[in-house]
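Comments concern the structure below.
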Amino acid sequence: MSKHPVIEWIDRRFPFTAFVKHELTEYKVPRNLSYWWNFGFLAGFVLLLQIVSGVFLAMHYKPDAKLAFDSIEHIMREVNYGWLLRYLHSTGASAFFAVIYIHMARTLYYGSFRAPREIMWWTGQVLLLSLMATAFMGYLLPWGQMSYWGAQVITNLFGATPIIGGDVVVWLRGDFVVGDATINRFFVLHFFFPFLICGIVLVHLVALHFVRSSNPSGINLRAEENISLHPYFTFKDLFGLGVFLIIFCAFVFFSPDFFIEPDNNIPANPLQTPPHIVPEWYFLPFYAILRAIPDMLGGVVAMTLSVMVFAAMPYLDRSKIPGGSRYRPLYRAMFGVFVLDIALLTYVGAQPATDEMTIIGRIATTIYFSMFMLLPIMSKKEEAWLFVRGLPQEVMAMIAEEKDDDRRRREKDRRKNERRREQE
Amino acid sequence: MKKIEILFTLMIAPLSVWASGGEVPLMQVDLAHDAGTRKQGAEVVLTVCTGCHNLKYIKYRDLQAVGFSQQEIDDLRGAAEMTAPIMSLSPPDMLKDTYGVVPPDLSLIAKARAGKGRYVYTLFNNFYMRADGNVDNHLFPGIRMPDVLGVAAMGEGPDKKAFQESMKKVASFLEWASDPNAEERESLGFYVLIYLIIFTLMLGVMKRRIWADVH
Ligand code: HEM
């Protein structure tokens with residue numbers, strides 16, 4: 001196939017064709033990836049959707065405590081297809097979290113966070129934190145009652161910081177109360193963060209193409225069992241995107257207010273606290289953990305830990321058996337309990353803090369953290385049990401291979417050190 | 001169109017069960033959503049409610065969308081511009097002095113309450129006479145809005161029926177006012193979904209063909 005002269009010209013100055021070939025068209029992917037591997041691509045799509053709809057919203061939005069609420073109504077009523085932009089963006093935020101949570105659940109279930117994919121897991125963790133910050137700041141912008149009081153409650157939490165708490169709160173808000181200064185800085189940061197997210201996504205993808213996809217079998221496939229990204233996975237991903245868009249558009253066009261609290265259609269009123277302040281659904285489990293601890297500082301620490309603890313997974317899971325839940329019934333059971341527990345926490349987070357709810361919330365919080373704390377012991381015990389019970393031959397082979405790799409690496413390091421010492 | 005909506009509502013209904021739980025349940029009413037109903041509702045709102053409430057996100061020219069003729073709009077607006085928002089003639093300060101609160105704007109009120117139009121309908125049906133002779137409201141105890149339609153004294157009779165019929169129309173108009181693009185959104189959504197379903201089915205077929213040699 002002869003190349004277009006323009007491409008030819010570019011290729012002499014920039015590795016365009018080589019890049020497309022190496023990273024896209026001929027990039028090798030395990031053939032047995034299921035649709036659970038579709039969600040990273042979907043997350044990228046939603047990120048793009050949020051940026052495009054956000055940029056157009058920003059052309060009409062006014063980050064000013066006196067004008068913000070009216071400017072949203074202006075977008076909804078007077079701007080051509082402004083309602084579509086806004087509903088794409090507000091539904092998109094929920095879709096983003098749904099997709100990311102499924103993406104993370106996949107990784108946990110199949111143990112894809114283990115070596116050599118720790119950097120993928122950690123960049124993912126940073127992406128989750130940035131996404132949460134972006135959504136939190138975006139939620140202030142419509143300047144409704146929930147926007148205002150949500151920001152009030154969450155910024156207040158930083159007051160729990162020992163000694164400098166009060167100063168931190170003022171520093172975040174830019175004022176003593178959530179007000180004009182806050183909405184302005186939140187707008188700037190809400191605009192900026194998604195581009196930061198794009199940068200982190202890039203690192204995430206470079207890491208991916210270096211270590212390559214894990215797969216549902218948990219075992220590294222032979223070279224001939226990998227197939228090229230295009231056309232196989234491009235079409236599989238596009239089909240998944242179609243299914244996603246059908247569900248997404250059903251919400252956007254037929255039930256867009258499903259994700260917007262009625263109270264947020266009341267302009268922010270600093271003098272009137274809503275009877276029941278609830279965060280967006282995607283923050284509910286963490287909110288439930290915050291409220292489960294009677295002490296404010298303790299609650300903040302627990303909530304922060306509940307998000308950050310994921311980063312420790314590569315160390316908490318000490319089993320040598322690859323494939324996560326695939327060959328490990330105990331790990332699979334713990335995963336199941338964890339998912340149910342998060343559903344329970346979501347429910348509790350949405351309820352008013354009655355005595356009963358507080359107790360259920362505390363039990364669910366205890367289960368949440370004990371899953372992580374038990375994992376180091378359970379994974380070792382399970383490993384010993386499974387070695388006795390017997391594992392498929394391929395699994396044992398892979399464990400041996402990884403052990404071999406490890407030994408060889410250590411041997412190499414030792415020799416290098418020796419040589420250095422000799423030279424000295 | 002309606003069918004898709006109903007199907008979709010059924011699909012997500014289990015999710016919304018835990019969304020709210022008020023003390024007085026909202027009344028189940030079917031609100032008609034045609035221009036004629038809305039126009040009759042608008043007439044009540046523009047004669048009774050705008051005595052105290054603004055409709056600041058609705059402009060006079062928007063009334064064309066619910067079937068007002070140019071002549072009718074001209075009669076309503078007097079010297080106001082076509083592009084002027086519909087505002088109460090009572091000064092806010094005076095209202096605040098009389099009722100202790102500036103009545104909320106009505107153009108977004110349906111969306112600002114769980115249940116939308118049903119909330120407004122239920123609110124007005126729930127005015128009652130207390131034992132001490134004062135009027136109160138079951139849904140919103142201590143409400144500072146007077147019983148402007150005299151519901152508490154109405155009893156059950158033809159008057160009540162007539163009131164309920166007209167209140168349904170008011171609720172329907174207020175739902176429209178809070179989301180005037182709903183109809184355009186749903187009809188566009190219908191085509192978008194049809195397109196996406198066909199497109200996705202085609203992608204599914206192509207994916208199967210491409211993958212045929214892998215299995
Ligand atoms: C990481 C992706 C993003 C997420 C998760 C996100 C999330 C949100 C959320 C939850 C809201 C409040 C929605 C509502 O109640 O209407 C919002 C509003 C907004 N966002 Fe974003 N956003 C993202 C990216 C962006 C970008 C890139 C821009 C601009 C360049 C942007 C501009 C805006 C504007 C102007 C609003 C206010 C309008 C509105 O409330 O609908 N967003 N965002």
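Simple scheme: letters A, B, ... for chains in structure tokens order, numbers from 1 for residues in each chain, numbers from 1 for ligands in the order shown.
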Would you give me, as a VMD selection string, the residues of chain A that come within 8 Å of chain B, using only C-alpha atoms? chain A and resid 31 73 77 83 to 84 231 to 232 235 to 236 238 to 239 242 to 243 245 to 246 249 to 250 253 to 255 262 to 266 347 350
Residues contacting ligand 1 - anything with an atom at most 7 Å away, using only C-alpha atoms and all ligand atoms - can you give me those as a PyMOL selection string? chain A and resi 47+50-52+54-55+57-58+61+72+86-87+89-90+93+96+131+134-136+138-142+190-191+193-194+197+260
12 Å contact set for Ile363 in chain A, only C-alpha atoms, chain neighbours under 2 positions out, as a CSV table (one decimal) with C-alpha atoms, in the first residue's frame:
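Listing of around.csv after writing:
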chain,number,residue,atom,x,y,z
A,288,ALA,CA,-22.3,7.3,55.2
A,289,ILE,CA,-18.8,6.5,56.5
A,292,ALA,CA,-20.8,6.7,61.1
A,293,ILE,CA,-18.0,8.1,63.2
A,341,ASP,CA,-21.7,-3.5,51.7
A,342,ILE,CA,-21.2,-0.5,49.4
A,344,LEU,CA,-25.9,-0.8,51.9
A,345,LEU,CA,-23.7,2.3,52.6
A,348,VAL,CA,-27.7,4.6,54.5
A,356,GLU,CA,-31.3,3.0,63.5
A,357,MET,CA,-29.5,4.3,60.4
A,358,THR,CA,-26.5,5.3,62.4
A,359,ILE,CA,-26.2,1.8,63.8
A,360,ILE,CA,-26.6,0.2,60.3
A,361,GLY,CA,-24.1,2.8,59.0
A,365,THR,CA,-18.5,0.9,57.9
A,366,THR,CA,-16.9,-1.8,60.0
A,367,ILE,CA,-17.5,-4.4,57.3
A,368,TYR,CA,-16.0,-2.0,54.7
A,369,PHE,CA,-12.7,-1.6,56.5
A,370,SER,CA,-12.5,-5.2,57.8
Exercise: Trp36 in chain A partners within 9 Å, only C-alpha atoms, chain neighbours under 2 positions left out, as a PyMOL selection string: chain A and resi 33-34+38-40+102-103+106
Per-residue DSSP, range 45-270 of chain A, filtered to helix (DSSP H, G or I), as an MDAnalysis selection string: chainID A and resid 45:58 68:77 82:109 118:140 145:160 165:173 180:211 223:225 229:254 256:259 262:265
Any idea what's packed within 9 Å of Trp281 in chain A, counting only C-alpha atoms, ignoring anything in its chain fewer than 4 positions away? Could you give it as number ranges by chain? A: 94, 259, 285, 346, 349-350
For the residues selected in the previous step, produce a file with N, CA, C and O atoms as an mmCIF file, in the first residue's frame.
data_model
loop_
_atom_site.group_PDB
_atom_site.id
_atom_site.type_symbol
_atom_site.label_atom_id
_atom_site.label_comp_id
_atom_site.auth_asym_id
_atom_site.auth_seq_id
_atom_site.Cartn_x
_atom_site.Cartn_y
_atom_site.Cartn_z
ATOM 1 N N SER A 94 -22.909 11.775 36.314
ATOM 2 C CA SER A 94 -23.320 10.517 36.938
ATOM 3 C C SER A 94 -22.816 9.323 36.134
ATOM 4 O O SER A 94 -22.358 8.328 36.700
ATOM 5 N N PHE A 259 -31.232 12.892 38.103
ATOM 6 C CA PHE A 259 -29.961 13.114 38.800
ATOM 7 C C PHE A 259 -29.844 14.508 39.402
ATOM 8 O O PHE A 259 -28.792 14.891 39.854
ATOM 9 N N PRO A 285 -21.761 6.470 49.646
ATOM 10 C CA PRO A 285 -21.094 5.517 50.545
ATOM 11 C C PRO A 285 -20.068 6.210 51.448
ATOM 12 O O PRO A 285 -19.966 5.890 52.642
ATOM 13 N N THR A 346 -24.557 3.090 50.454
ATOM 14 C CA THR A 346 -25.216 4.061 49.584
ATOM 15 C C THR A 346 -26.618 4.352 50.098
ATOM 16 O O THR A 346 -27.048 5.502 50.174
ATOM 17 N N GLY A 349 -26.423 6.358 53.352
ATOM 18 C CA GLY A 349 -26.009 7.735 53.105
ATOM 19 C C GLY A 349 -27.150 8.618 52.639
ATOM 20 O O GLY A 349 -27.129 9.830 52.836
ATOM 21 N N ALA A 350 -28.168 8.014 52.017
ATOM 22 C CA ALA A 350 -29.281 8.803 51.490
ATOM 23 C C ALA A 350 -30.357 9.048 52.540
ATOM 24 O O ALA A 350 -31.248 9.859 52.331
#
Just the number, please: distance in Å from CA of Leu221 in chain A to CA of Gly324 in chain A, one decimal.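 So the two atoms, CA of Leu221 in chain A and CA of Gly324 in chain A, lie 16.0 Å apart.
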Contacts of Leu127 in chain A at 9 Å (only C-alpha atoms; same-chain gap of 4+ positions) as a ChimeraX atom specification: /A:122-123,131-132,197,200-201
Just C-alpha atoms for this one: save the residues we selected as a PDB file, in the first residue's frame.
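Below is the file again29.pdb, written as the result:
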ATOM      1  CA  TRP A 122      -2.312   4.199  41.259  1.00  0.00           C
ATOM      2  CA  THR A 123      -2.834   6.528  38.318  1.00  0.00           C
ATOM      3  CA  LEU A 131     -12.891  13.219  39.233  1.00  0.00           C
ATOM      4  CA  MET A 132     -14.378  13.565  42.695  1.00  0.00           C
ATOM      5  CA  ILE A 197      -7.348  14.487  34.120  1.00  0.00           C
ATOM      6  CA  ILE A 200      -3.152  11.616  33.938  1.00  0.00           C
ATOM      7  CA  VAL A 201      -5.153   9.487  31.491  1.00  0.00           C
TER       8      VAL A 201
END
May I have the residues within 7 Å of range 310-314 of chain A as a PyMOL selection string, using only C-alpha atoms and disregarding those fewer than 4 positions away in the same chain? chain A and resi 113-114+118+122+125
Keeping only N, CA and C atoms, write the selected residues to a file as a PDB file, in the first residue's frame.
ATOM      1  N   PHE A 113      -4.789  -5.273  39.669  1.00  0.00           N
ATOM      2  CA  PHE A 113      -3.931  -4.254  40.292  1.00  0.00           C
ATOM      3  C   PHE A 113      -2.573  -4.829  40.669  1.00  0.00           C
ATOM      4  N   ARG A 114      -2.441  -6.181  40.629  1.00  0.00           N
ATOM      5  CA  ARG A 114      -1.192  -6.796  41.092  1.00  0.00           C
ATOM      6  C   ARG A 114      -0.079  -6.602  40.054  1.00  0.00           C
ATOM      7  N   GLU A 118       0.766  -2.034  39.047  1.00  0.00           N
ATOM      8  CA  GLU A 118       0.528  -1.130  40.174  1.00  0.00           C
ATOM      9  C   GLU A 118       0.413   0.321  39.724  1.00  0.00           C
ATOM     10  N   TRP A 122      -2.506   2.943  40.519  1.00  0.00           N
ATOM     11  CA  TRP A 122      -2.312   4.199  41.259  1.00  0.00           C
ATOM     12  C   TRP A 122      -2.683   5.425  40.418  1.00  0.00           C
ATOM     13  N   GLN A 125      -6.236   5.636  40.751  1.00  0.00           N
ATOM     14  CA  GLN A 125      -6.624   6.211  42.041  1.00  0.00           C
ATOM     15  C   GLN A 125      -6.583   7.747  41.974  1.00  0.00           C
TER      16      GLN A 125
END
Considering only strand (DSSP E or B) as DSSP defines it on the backbone, what residues of range 4-164 of chain B qualify? List them as a ChimeraX atom specification. /B:55-59,85-86,127-129,135-137
